[in-house]
Each structure stands twice: as C-alpha cells, then as structure tokens.
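Student: Before I ask anything, let me first share the structure, which is written out below as structure tokens.
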Amino acid sequence: MKIRYFLSLLVVVFVAWALIARFVHVAKISVKVVDEEERPIDGANIELCFYGGCLTKDATKGTTDKNGSFSSLGSSSDGVTGGVVKKAGYYNSVFHHDFFIRSIGIWQPWNKNIKIVLRPIVEPVPMYVRNRTFQFPAINKDLGFDLMMADWVPPYGAGVHRDLIFRVERIYKDSDNFDATLTITFPNRHDGILLIKDNRGGDFSVGSRFQLPRIAPEEGYQPKMTKRVSSGIYGSRAAKEDNNNYIFRVRSETENGKFKRAMYGKILGDIRFGPVGGNGGVEMHYYLNPDYTRNLEFDPKRNLFSNLSEGEGVGLP
C-alpha cells in the first residue's frame, strides 16, 4: 500500500513538474564582480533580467557579498539574460548571456558563472568629443581636418590646425560599383595613430561603459594608415572591422630635436569610410584631450563641444 502511494505521489509530482516545465523555464546565474586587479568588489548593485526586453522594474535586484558574488534564479521564456552592475566610484558594466539548451524546464548550463570587471573612476577630464560623418569636400586632394573645430581647414572649412590629413582616391561607376582608398597621414614628425583591438561587447555592448586603455601609450604610433573599400565589378572589400579602435597623437612638439609633448585622443570603434554620395565621407567617434597629458578618461558632463544633437551619442567616458 505504501509503495503504491509512493508511486502515485511520484507520478503526480512528475506530471506537475512536466506541466510547470512546459510553461516556466528556469535559469540560474551567478555573478562574480571584480576590479581591474581581479580583487572582489562587495556591495555592488546588480539588476539581472531573465528574458529579452525585460524592463528595470521587472529585473531581479541584489548586491554582491564580501566575495564579490551574487546568485539568482528566475523564469526565462527565451533564454536571453543580462543585466547591469553599478557601484559608486566605478563605471557601470553590462553583461549578457544567451541560453540555448533546455532540459525539463531548466536552462543549461545550470548556475552559469559570469565574471564582471568594474573599472574605477580615476580622473575624468574635459575633451573634444564628436560622433558623426564628415563629408569629404574633394577627391584626390590632401584634406586637413581640425579635431578641435570638427571642420576642414581652408579652403574647405574654418579649421585652423591640420590634425589629420585625409586623401580619397577612387574609381566610381555608380553606388554599386566602385573602388576607393582612404589614406590618413599627419603633419608632424611624432604624430601618428595606433590600432587597438577591442570588440567592445559586440552586438550587446557588454563590459564596462569606460572602454579602451586609460592612458595612451608612449610609443607605437604609425605615421600613415590606409583603408580600402570596393563593390560590384571591382570586388567586395569592407573597410570596417567591429573590433577596431584607435589611439592617436597629434600636435606633437619637439625641443632641441627631441619629442617634448603632444595631444592624445582615441577613436571608439572603427573609422568608417564611405565613398558613396558626392565625394563620400568618413564617420568617427573621436575624443581629443587638449591638456597635453596621455589621459584618455573622458568626463561626459564636460564635452568641450556644445549644443550637440542627441543622435551623436557621445555619453561614454
């Protein structure tokens, strides 16, 4: 009798679980929050979403313990999970994970471990920051561009200093058939550009809101960079790579024949070069620090350009 009762109870539990599993898909995530030195951060605030499109009001919220850890489980209909980690004195970090395998209502792997790095706010400074497309005023000519003015130098604009020199050469039949090369050079001996590989979180922009190195390198700057793009009868070449970013040095000065100082900046994401539409144009999300230090930590509240449109999206440090 007891065996029959036990078996009946087991069947009921199994059926109930099967019904629940059909409609409720449970996931568990454990987050480990550390600083740039891999030291655990306690008291960090976490908002964790267990499905795509989750709003802040629906997120699971909590704080990390002394080991920098926080765990939670919740129902996820689509396996799309993610969230944000915040703490005073640090830049926010975003995380994301997609579950693809589900077994009896449980997303696998169970208790997914995710490590998140919080970068401290150290010394954010005012900078000239723009994120827009600048149309080339001419083809087959050296075009000086002033980063502080965000404009071409005469005779094409009101710029004063040739910080970057663009030159576009192209074969252009129509918008589907072209072959174009963009060359970027610099006017001063110690000026240059340095490629930094960082995918910046891919489609979900995960990781710290403060990206790329905090301090510009002292060496390694190249005096020339070339990008080529083509389409149609001229072959297919794309000039953009998702993990390309840049650090540059401009307005370099010398003293007694030796390098003295320069202005440094960064370009978040690739330099996007398009030869279609008039003479084409170049899109850059650039930062220029005018204080002659190598500091690349921008204070978004102190952009030295004013009255920019919200569409430029220059709120990242």
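Residues in the structure tokens are numbered from 1 in each chain, the chains being A, B, ... in the order shown, and ligands are numbered from 1 in the order shown.
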Using only C-alpha atoms, which protein or nucleic acid residues come within 12 Å of Met263 of chain A? Drop anything in the same chain fewer than 5 positions from it, and give the result as a VMD selection string.

Tutor: chain A and resid 127 to 128 147 to 148 163 188 190 to 193 216 218 247 to 253 287 to 296

Student: Write out the residues from the selection above, keeping N, CA and C atoms, as a JSON list (two decimals), in the first residue's frame.

Tutor:
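Produced file part.json, reproduced below:
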```json
[["chain", "number", "residue", "atom", "x", "y", "z"],
["A", 127, "MET", "N", 37.01, 66.90, -22.70],
["A", 127, "MET", "CA", 37.59, 66.60, -24.01],
["A", 127, "MET", "C", 36.69, 67.12, -25.12],
["A", 128, "TYR", "N", 37.27, 67.18, -26.31],
["A", 128, "TYR", "CA", 36.50, 67.45, -27.52],
["A", 128, "TYR", "C", 36.05, 66.10, -28.07],
["A", 147, "LEU", "N", 40.54, 68.71, -35.36],
["A", 147, "LEU", "CA", 39.73, 67.95, -34.39],
["A", 147, "LEU", "C", 39.04, 68.86, -33.38],
["A", 148, "MET", "N", 39.66, 69.98, -33.03],
["A", 148, "MET", "CA", 39.05, 70.90, -32.07],
["A", 148, "MET", "C", 37.89, 71.67, -32.69],
["A", 163, "ASP", "N", 45.18, 68.45, -37.95],
["A", 163, "ASP", "CA", 45.47, 67.34, -37.05],
["A", 163, "ASP", "C", 45.57, 66.02, -37.81],
["A", 188, "ASN", "N", 53.05, 66.29, -38.43],
["A", 188, "ASN", "CA", 54.22, 66.44, -37.56],
["A", 188, "ASN", "C", 54.96, 65.11, -37.39],
["A", 190, "HIS", "N", 56.22, 63.40, -34.92],
["A", 190, "HIS", "CA", 55.89, 62.44, -33.86],
["A", 190, "HIS", "C", 54.38, 62.17, -33.76],
["A", 191, "ASP", "N", 53.61, 62.72, -34.68],
["A", 191, "ASP", "CA", 52.17, 62.40, -34.73],
["A", 191, "ASP", "C", 51.98, 60.97, -35.23],
["A", 192, "GLY", "N", 50.79, 60.43, -35.01],
["A", 192, "GLY", "CA", 50.52, 59.11, -35.55],
["A", 192, "GLY", "C", 49.30, 58.47, -34.94],
["A", 193, "ILE", "N", 49.04, 57.23, -35.36],
["A", 193, "ILE", "CA", 47.84, 56.51, -34.94],
["A", 193, "ILE", "C", 48.22, 55.08, -34.58],
["A", 216, "ALA", "N", 47.15, 56.72, -22.76],
["A", 216, "ALA", "CA", 47.68, 56.48, -24.10],
["A", 216, "ALA", "C", 49.12, 55.99, -24.03],
["A", 218, "GLU", "N", 53.11, 55.50, -24.89],
["A", 218, "GLU", "CA", 54.13, 56.49, -25.23],
["A", 218, "GLU", "C", 54.70, 56.25, -26.63],
["A", 247, "ILE", "N", 44.04, 54.80, -30.97],
["A", 247, "ILE", "CA", 44.57, 55.89, -30.14],
["A", 247, "ILE", "C", 45.48, 56.70, -31.04],
["A", 248, "PHE", "N", 45.39, 58.02, -30.94],
["A", 248, "PHE", "CA", 46.20, 58.86, -31.83],
["A", 248, "PHE", "C", 46.95, 59.92, -31.04],
["A", 249, "ARG", "N", 47.97, 60.44, -31.69],
["A", 249, "ARG", "CA", 48.78, 61.53, -31.12],
["A", 249, "ARG", "C", 48.90, 62.62, -32.18],
["A", 250, "VAL", "N", 48.55, 63.86, -31.82],
["A", 250, "VAL", "CA", 48.58, 64.98, -32.76],
["A", 250, "VAL", "C", 49.19, 66.21, -32.08],
["A", 251, "ARG", "N", 49.49, 67.20, -32.90],
["A", 251, "ARG", "CA", 50.05, 68.48, -32.43],
["A", 251, "ARG", "C", 51.32, 68.25, -31.60],
["A", 252, "SER", "N", 52.11, 67.28, -32.04],
["A", 252, "SER", "CA", 53.34, 66.98, -31.30],
["A", 252, "SER", "C", 54.36, 68.11, -31.45],
["A", 253, "GLU", "N", 55.11, 68.32, -30.38],
["A", 253, "GLU", "CA", 56.11, 69.38, -30.34],
["A", 253, "GLU", "C", 57.47, 68.78, -29.99],
["A", 287, "TYR", "N", 37.71, 61.28, -29.57],
["A", 287, "TYR", "CA", 37.93, 62.00, -28.32],
["A", 287, "TYR", "C", 39.31, 62.67, -28.42],
["A", 288, "LEU", "N", 39.40, 63.95, -28.13],
["A", 288, "LEU", "CA", 40.69, 64.64, -28.10],
["A", 288, "LEU", "C", 40.86, 65.32, -26.75],
["A", 289, "ASN", "N", 41.92, 64.94, -26.05],
["A", 289, "ASN", "CA", 42.26, 65.58, -24.77],
["A", 289, "ASN", "C", 43.23, 66.72, -25.04],
["A", 290, "PRO", "N", 42.84, 67.97, -24.76],
["A", 290, "PRO", "CA", 43.70, 69.11, -25.09],
["A", 290, "PRO", "C", 44.71, 69.48, -24.02],
["A", 291, "ASP", "N", 44.79, 68.72, -22.91],
["A", 291, "ASP", "CA", 45.65, 69.17, -21.81],
["A", 291, "ASP", "C", 47.10, 68.67, -21.90],
["A", 292, "TYR", "N", 47.46, 68.04, -23.02],
["A", 292, "TYR", "CA", 48.82, 67.57, -23.26],
["A", 292, "TYR", "C", 49.27, 66.49, -22.27],
["A", 293, "THR", "N", 48.31, 65.76, -21.72],
["A", 293, "THR", "CA", 48.64, 64.55, -20.96],
["A", 293, "THR", "C", 48.14, 63.35, -21.76],
["A", 294, "ARG", "N", 48.51, 62.16, -21.33],
["A", 294, "ARG", "CA", 48.11, 60.94, -22.03],
["A", 294, "ARG", "C", 46.81, 60.35, -21.46],
["A", 295, "ASN", "N", 46.13, 61.11, -20.64],
["A", 295, "ASN", "CA", 44.88, 60.67, -20.02],
["A", 295, "ASN", "C", 43.78, 60.53, -21.08],
["A", 296, "LEU", "N", 43.15, 59.36, -21.15],
["A", 296, "LEU", "CA", 42.06, 59.12, -22.10],
["A", 296, "LEU", "C", 40.72, 58.89, -21.42]]
```

Student: If we count only C-alpha atoms and set the cut-off at 10 Å, which residues sit around Leu195 of chain A, ignoring sequence neighbours fewer than 3 positions away in its own chain? Please answer as JSON, numbers by chain.

Tutor: {"A": [198, 220, 221, 222, 225, 243, 244, 245, 246, 247, 248, 266, 267, 270]}

Student: Those residues with N, CA, C and O atoms, as a PDB file, in the first residue's frame please?

Tutor:
```
ATOM      1  N   ASP A 198      39.669  45.695 -29.720  1.00  0.00           N
ATOM      2  CA  ASP A 198      38.737  45.510 -28.607  1.00  0.00           C
ATOM      3  C   ASP A 198      37.345  45.499 -29.209  1.00  0.00           C
ATOM      4  O   ASP A 198      36.899  46.476 -29.802  1.00  0.00           O
ATOM      5  N   GLY A 220      54.748  53.569 -30.451  1.00  0.00           N
ATOM      6  CA  GLY A 220      53.997  52.679 -31.326  1.00  0.00           C
ATOM      7  C   GLY A 220      53.112  53.361 -32.348  1.00  0.00           C
ATOM      8  O   GLY A 220      52.401  52.685 -33.105  1.00  0.00           O
ATOM      9  N   TYR A 221      53.127  54.675 -32.422  1.00  0.00           N
ATOM     10  CA  TYR A 221      52.238  55.405 -33.333  1.00  0.00           C
ATOM     11  C   TYR A 221      52.769  55.360 -34.772  1.00  0.00           C
ATOM     12  O   TYR A 221      53.956  55.603 -35.012  1.00  0.00           O
ATOM     13  N   GLN A 222      51.872  55.050 -35.696  1.00  0.00           N
ATOM     14  CA  GLN A 222      52.242  54.944 -37.095  1.00  0.00           C
ATOM     15  C   GLN A 222      51.880  56.240 -37.826  1.00  0.00           C
ATOM     16  O   GLN A 222      50.802  56.803 -37.620  1.00  0.00           O
ATOM     17  N   MET A 225      47.987  55.516 -42.277  1.00  0.00           N
ATOM     18  CA  MET A 225      47.036  54.415 -42.254  1.00  0.00           C
ATOM     19  C   MET A 225      46.209  54.449 -43.538  1.00  0.00           C
ATOM     20  O   MET A 225      45.811  55.528 -43.996  1.00  0.00           O
ATOM     21  N   ASN A 243      36.073  45.071 -34.254  1.00  0.00           N
ATOM     22  CA  ASN A 243      36.948  45.176 -33.076  1.00  0.00           C
ATOM     23  C   ASN A 243      38.077  46.183 -33.254  1.00  0.00           C
ATOM     24  O   ASN A 243      39.029  46.201 -32.484  1.00  0.00           O
ATOM     25  N   ASN A 244      37.978  47.043 -34.265  1.00  0.00           N
ATOM     26  CA  ASN A 244      38.996  48.080 -34.460  1.00  0.00           C
ATOM     27  C   ASN A 244      38.663  49.337 -33.668  1.00  0.00           C
ATOM     28  O   ASN A 244      37.539  49.840 -33.708  1.00  0.00           O
ATOM     29  N   ASN A 245      39.644  49.834 -32.943  1.00  0.00           N
ATOM     30  CA  ASN A 245      39.597  51.122 -32.258  1.00  0.00           C
ATOM     31  C   ASN A 245      40.977  51.748 -32.421  1.00  0.00           C
ATOM     32  O   ASN A 245      41.927  51.056 -32.829  1.00  0.00           O
ATOM     33  N   TYR A 246      41.118  53.007 -32.078  1.00  0.00           N
ATOM     34  CA  TYR A 246      42.402  53.663 -32.311  1.00  0.00           C
ATOM     35  C   TYR A 246      42.738  54.638 -31.191  1.00  0.00           C
ATOM     36  O   TYR A 246      41.856  55.234 -30.561  1.00  0.00           O
ATOM     37  N   ILE A 247      44.040  54.804 -30.968  1.00  0.00           N
ATOM     38  CA  ILE A 247      44.569  55.887 -30.137  1.00  0.00           C
ATOM     39  C   ILE A 247      45.482  56.701 -31.040  1.00  0.00           C
ATOM     40  O   ILE A 247      46.234  56.138 -31.845  1.00  0.00           O
ATOM     41  N   PHE A 248      45.390  58.017 -30.941  1.00  0.00           N
ATOM     42  CA  PHE A 248      46.201  58.855 -31.832  1.00  0.00           C
ATOM     43  C   PHE A 248      46.953  59.921 -31.042  1.00  0.00           C
ATOM     44  O   PHE A 248      46.612  60.251 -29.898  1.00  0.00           O
ATOM     45  N   LYS A 266      41.442  59.291 -28.728  1.00  0.00           N
ATOM     46  CA  LYS A 266      41.056  57.928 -29.106  1.00  0.00           C
ATOM     47  C   LYS A 266      39.873  57.986 -30.059  1.00  0.00           C
ATOM     48  O   LYS A 266      39.136  58.981 -30.113  1.00  0.00           O
ATOM     49  N   ILE A 267      39.712  56.915 -30.806  1.00  0.00           N
ATOM     50  CA  ILE A 267      38.560  56.744 -31.687  1.00  0.00           C
ATOM     51  C   ILE A 267      37.874  55.452 -31.264  1.00  0.00           C
ATOM     52  O   ILE A 267      38.478  54.377 -31.321  1.00  0.00           O
ATOM     53  N   ASP A 270      35.617  51.551 -35.267  1.00  0.00           N
ATOM     54  CA  ASP A 270      36.442  51.747 -36.454  1.00  0.00           C
ATOM     55  C   ASP A 270      36.191  53.107 -37.088  1.00  0.00           C
ATOM     56  O   ASP A 270      35.181  53.758 -36.836  1.00  0.00           O
TER      57      ASP A 270
END
```

Student: If you run DSSP on the backbone here, which positions in segment 63-308 of chain A get helix (DSSP H, G or I)? Please write them as number ranges by chain.

Tutor: A: 202-204, 232-234

Student: Residues within 7 Å of Leu316 of chain A, please, as a PyMOL selection string. Count only C-alpha atoms; anything in the same chain fewer than 2 positions from it doesn't count.

Tutor: chain A and resi 209-210+300+314

Student: Store the residues picked out above, limited to all heavy atoms, as a PDB file, in the first residue's frame.

Tutor:
```pdb
ATOM      1  N   ARG A 209      31.338  50.545 -19.278  1.00  0.00           N
ATOM      2  CA  ARG A 209      30.996  51.714 -20.094  1.00  0.00           C
ATOM      3  C   ARG A 209      32.249  52.527 -20.435  1.00  0.00           C
ATOM      4  O   ARG A 209      32.234  53.294 -21.399  1.00  0.00           O
ATOM      5  CB  ARG A 209      29.994  52.599 -19.360  1.00  0.00           C
ATOM      6  CG  ARG A 209      28.671  51.941 -19.035  1.00  0.00           C
ATOM      7  CD  ARG A 209      27.910  51.504 -20.284  1.00  0.00           C
ATOM      8  NE  ARG A 209      28.395  50.220 -20.801  1.00  0.00           N
ATOM      9  CZ  ARG A 209      28.063  49.707 -21.969  1.00  0.00           C
ATOM     10  NH1 ARG A 209      27.262  50.360 -22.766  1.00  0.00           N
ATOM     11  NH2 ARG A 209      28.550  48.546 -22.348  1.00  0.00           N
ATOM     12  N   PHE A 210      33.312  52.383 -19.643  1.00  0.00           N
ATOM     13  CA  PHE A 210      34.590  53.018 -19.962  1.00  0.00           C
ATOM     14  C   PHE A 210      35.452  51.980 -20.661  1.00  0.00           C
ATOM     15  O   PHE A 210      35.892  51.012 -20.054  1.00  0.00           O
ATOM     16  CB  PHE A 210      35.268  53.527 -18.692  1.00  0.00           C
ATOM     17  CG  PHE A 210      36.642  54.106 -18.906  1.00  0.00           C
ATOM     18  CD1 PHE A 210      36.925  54.848 -20.036  1.00  0.00           C
ATOM     19  CD2 PHE A 210      37.648  53.907 -17.979  1.00  0.00           C
ATOM     20  CE1 PHE A 210      38.189  55.382 -20.241  1.00  0.00           C
ATOM     21  CE2 PHE A 210      38.914  54.445 -18.167  1.00  0.00           C
ATOM     22  CZ  PHE A 210      39.179  55.180 -19.295  1.00  0.00           C
ATOM     23  N   PRO A 300      31.875  62.738 -19.466  1.00  0.00           N
ATOM     24  CA  PRO A 300      30.776  63.044 -20.391  1.00  0.00           C
ATOM     25  C   PRO A 300      30.011  64.323 -20.054  1.00  0.00           C
ATOM     26  O   PRO A 300      29.305  64.862 -20.907  1.00  0.00           O
ATOM     27  CB  PRO A 300      29.868  61.809 -20.273  1.00  0.00           C
ATOM     28  CG  PRO A 300      30.766  60.719 -19.799  1.00  0.00           C
ATOM     29  CD  PRO A 300      31.741  61.399 -18.884  1.00  0.00           C
ATOM     30  N   VAL A 314      27.423  60.745 -27.558  1.00  0.00           N
ATOM     31  CA  VAL A 314      28.772  60.933 -27.026  1.00  0.00           C
ATOM     32  C   VAL A 314      28.769  60.875 -25.500  1.00  0.00           C
ATOM     33  O   VAL A 314      29.503  61.601 -24.833  1.00  0.00           O
ATOM     34  CB  VAL A 314      29.377  62.262 -27.520  1.00  0.00           C
ATOM     35  CG1 VAL A 314      29.680  62.198 -28.998  1.00  0.00           C
ATOM     36  CG2 VAL A 314      28.453  63.438 -27.215  1.00  0.00           C
TER      37      VAL A 314
END
```

Student: Between A:Pro154, A:Met149, A:Val26, A:Tyr172, which residue has the minimum interatomic distance to Ser103 of chain A, considering only C-alpha atoms?

Tutor: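 Selected residue with least distance to Ser103 of chain A: A:Val26.
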
Student: Env of Leu308 of chain A: 12 Å cut, atoms = only C-alpha atoms, seq-sep filter 2 positions within chain, self excluded. Answer as a PyMOL selection string.

Tutor: chain A and resi 128-132+150+303-306+310-315

Student: With all heavy atoms retained, write the just-selected residues as a compact mmCIF listing (two decimals), in the first residue's frame.

Tutor:
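Below you can see result-v5.txt, which holds the result:
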```txt
# COMPACT_ATOMS: atom_id res chain seq x y z
N TYR A 128 37.27 67.18 -26.31
CA TYR A 128 36.50 67.45 -27.52
C TYR A 128 36.05 66.10 -28.07
O TYR A 128 36.88 65.28 -28.48
CB TYR A 128 37.36 68.16 -28.56
CG TYR A 128 37.75 69.57 -28.19
CD1 TYR A 128 38.95 69.83 -27.53
CD2 TYR A 128 36.92 70.65 -28.50
CE1 TYR A 128 39.31 71.12 -27.20
CE2 TYR A 128 37.27 71.95 -28.17
CZ TYR A 128 38.46 72.18 -27.52
OH TYR A 128 38.82 73.47 -27.18
N VAL A 129 34.73 65.86 -28.06
CA VAL A 129 34.21 64.55 -28.46
C VAL A 129 33.11 64.73 -29.49
O VAL A 129 32.14 65.47 -29.26
CB VAL A 129 33.67 63.76 -27.25
CG1 VAL A 129 33.21 62.38 -27.68
CG2 VAL A 129 34.73 63.65 -26.16
N ARG A 130 33.25 64.07 -30.63
CA ARG A 130 32.23 64.08 -31.68
C ARG A 130 32.01 62.66 -32.18
O ARG A 130 32.91 61.82 -32.13
CB ARG A 130 32.66 64.96 -32.88
CG ARG A 130 32.86 66.42 -32.58
CD ARG A 130 31.63 67.12 -32.03
NE ARG A 130 30.47 67.06 -32.89
CZ ARG A 130 30.12 68.02 -33.75
NH1 ARG A 130 30.88 69.10 -33.88
NH2 ARG A 130 29.02 67.92 -34.45
N ASN A 131 30.81 62.43 -32.70
CA ASN A 131 30.47 61.13 -33.29
C ASN A 131 29.55 61.40 -34.47
O ASN A 131 28.33 61.42 -34.33
CB ASN A 131 29.80 60.23 -32.26
CG ASN A 131 29.46 58.86 -32.83
OD1 ASN A 131 30.00 58.44 -33.84
ND2 ASN A 131 28.54 58.17 -32.16
N ARG A 132 30.12 61.61 -35.64
CA ARG A 132 29.31 61.96 -36.80
C ARG A 132 30.08 61.68 -38.09
O ARG A 132 31.27 61.34 -38.06
CB ARG A 132 28.89 63.41 -36.76
CG ARG A 132 30.02 64.39 -36.63
CD ARG A 132 29.62 65.81 -36.96
NE ARG A 132 29.32 65.93 -38.38
CZ ARG A 132 29.14 67.11 -39.00
NH1 ARG A 132 29.20 68.23 -38.29
NH2 ARG A 132 28.90 67.17 -40.28
N ALA A 150 36.27 70.43 -35.40
CA ALA A 150 35.44 69.46 -36.11
C ALA A 150 35.10 69.96 -37.51
O ALA A 150 33.97 69.92 -37.95
CB ALA A 150 34.16 69.15 -35.33
N ASN A 303 31.90 67.86 -22.15
CA ASN A 303 32.31 67.86 -23.55
C ASN A 303 32.61 69.30 -23.98
O ASN A 303 31.78 70.19 -23.78
CB ASN A 303 31.20 67.27 -24.42
CG ASN A 303 31.66 66.93 -25.82
OD1 ASN A 303 32.64 67.48 -26.32
ND2 ASN A 303 30.93 66.04 -26.47
N LEU A 304 33.76 69.52 -24.55
CA LEU A 304 34.16 70.87 -24.95
C LEU A 304 33.44 71.34 -26.21
O LEU A 304 33.54 72.53 -26.56
CB LEU A 304 35.67 70.94 -25.12
CG LEU A 304 36.45 70.69 -23.81
CD1 LEU A 304 37.95 70.64 -24.07
CD2 LEU A 304 36.13 71.76 -22.77
N PHE A 305 32.74 70.44 -26.88
CA PHE A 305 31.79 70.84 -27.91
C PHE A 305 30.44 71.06 -27.23
O PHE A 305 30.04 70.28 -26.37
CB PHE A 305 31.65 69.77 -28.99
CG PHE A 305 32.83 69.65 -29.91
CD1 PHE A 305 33.55 68.47 -29.96
CD2 PHE A 305 33.21 70.70 -30.72
CE1 PHE A 305 34.63 68.34 -30.81
CE2 PHE A 305 34.30 70.58 -31.58
CZ PHE A 305 35.01 69.40 -31.62
N SER A 306 29.72 72.08 -27.64
CA SER A 306 28.42 72.35 -27.03
C SER A 306 27.31 72.22 -28.07
O SER A 306 27.56 72.23 -29.28
CB SER A 306 28.39 73.76 -26.42
OG SER A 306 28.66 74.74 -27.42
N GLU A 310 21.42 64.80 -29.76
CA GLU A 310 21.41 63.54 -29.02
C GLU A 310 21.83 62.39 -29.91
O GLU A 310 22.35 61.37 -29.45
CB GLU A 310 20.03 63.28 -28.41
CG GLU A 310 19.64 64.27 -27.32
CD GLU A 310 18.33 63.91 -26.68
OE1 GLU A 310 17.77 62.86 -27.06
OE2 GLU A 310 17.86 64.67 -25.83
N GLY A 311 21.61 62.53 -31.21
CA GLY A 311 21.94 61.47 -32.14
C GLY A 311 23.42 61.16 -32.24
O GLY A 311 23.81 60.12 -32.74
N GLU A 312 24.28 62.08 -31.77
CA GLU A 312 25.72 61.81 -31.84
C GLU A 312 26.16 60.79 -30.80
O GLU A 312 27.20 60.17 -30.97
CB GLU A 312 26.50 63.11 -31.68
CG GLU A 312 26.40 64.04 -32.87
CD GLU A 312 27.63 64.92 -33.03
OE1 GLU A 312 28.72 64.52 -32.62
OE2 GLU A 312 27.47 66.02 -33.58
N GLY A 313 25.41 60.60 -29.75
CA GLY A 313 25.70 59.55 -28.78
C GLY A 313 27.11 59.63 -28.21
O GLY A 313 27.90 58.69 -28.34
N VAL A 314 27.42 60.75 -27.56
CA VAL A 314 28.77 60.93 -27.03
C VAL A 314 28.77 60.88 -25.50
O VAL A 314 29.50 61.60 -24.83
CB VAL A 314 29.38 62.26 -27.52
CG1 VAL A 314 29.68 62.20 -29.00
CG2 VAL A 314 28.45 63.44 -27.22
N GLY A 315 27.96 59.99 -24.93
CA GLY A 315 27.85 59.91 -23.48
C GLY A 315 28.78 58.91 -22.81
O GLY A 315 28.78 58.79 -21.60
```

Student: Compile the contact shell of segment 276-283 of chain A as a VMD selection string: residues with an atom at most 7 Å away, counting only C-alpha atoms, same-chain residues fewer than 5 positions apart removed.

Tutor: chain A and resid 132 to 139 175 271

Student: Using atom CA of Ile184 of chain A and atom CA of Pro126 of chain A as the two end points, give the distance in Å to one decimal.

Tutor: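 Taking atom CA of Ile184 of chain A and atom CA of Pro126 of chain A, their separation equals 25.8 Å.
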
Student: Could you check the closest approach to Tyr90 of chain A for each of A:Pro213, A:Lys28, A:Val122, A:Trp107 and tell me which residue wins, using only C-alpha atoms?

Tutor: A:Val122

Student: So which residues touch segment 30-33 of chain A within 9 Å, counting only C-alpha atoms, skipping near sequence neighbours fewer than 6 positions away, as a PyMOL selection string?

Tutor: chain A and resi 39-42+44+46+64+67-73+85+111-118
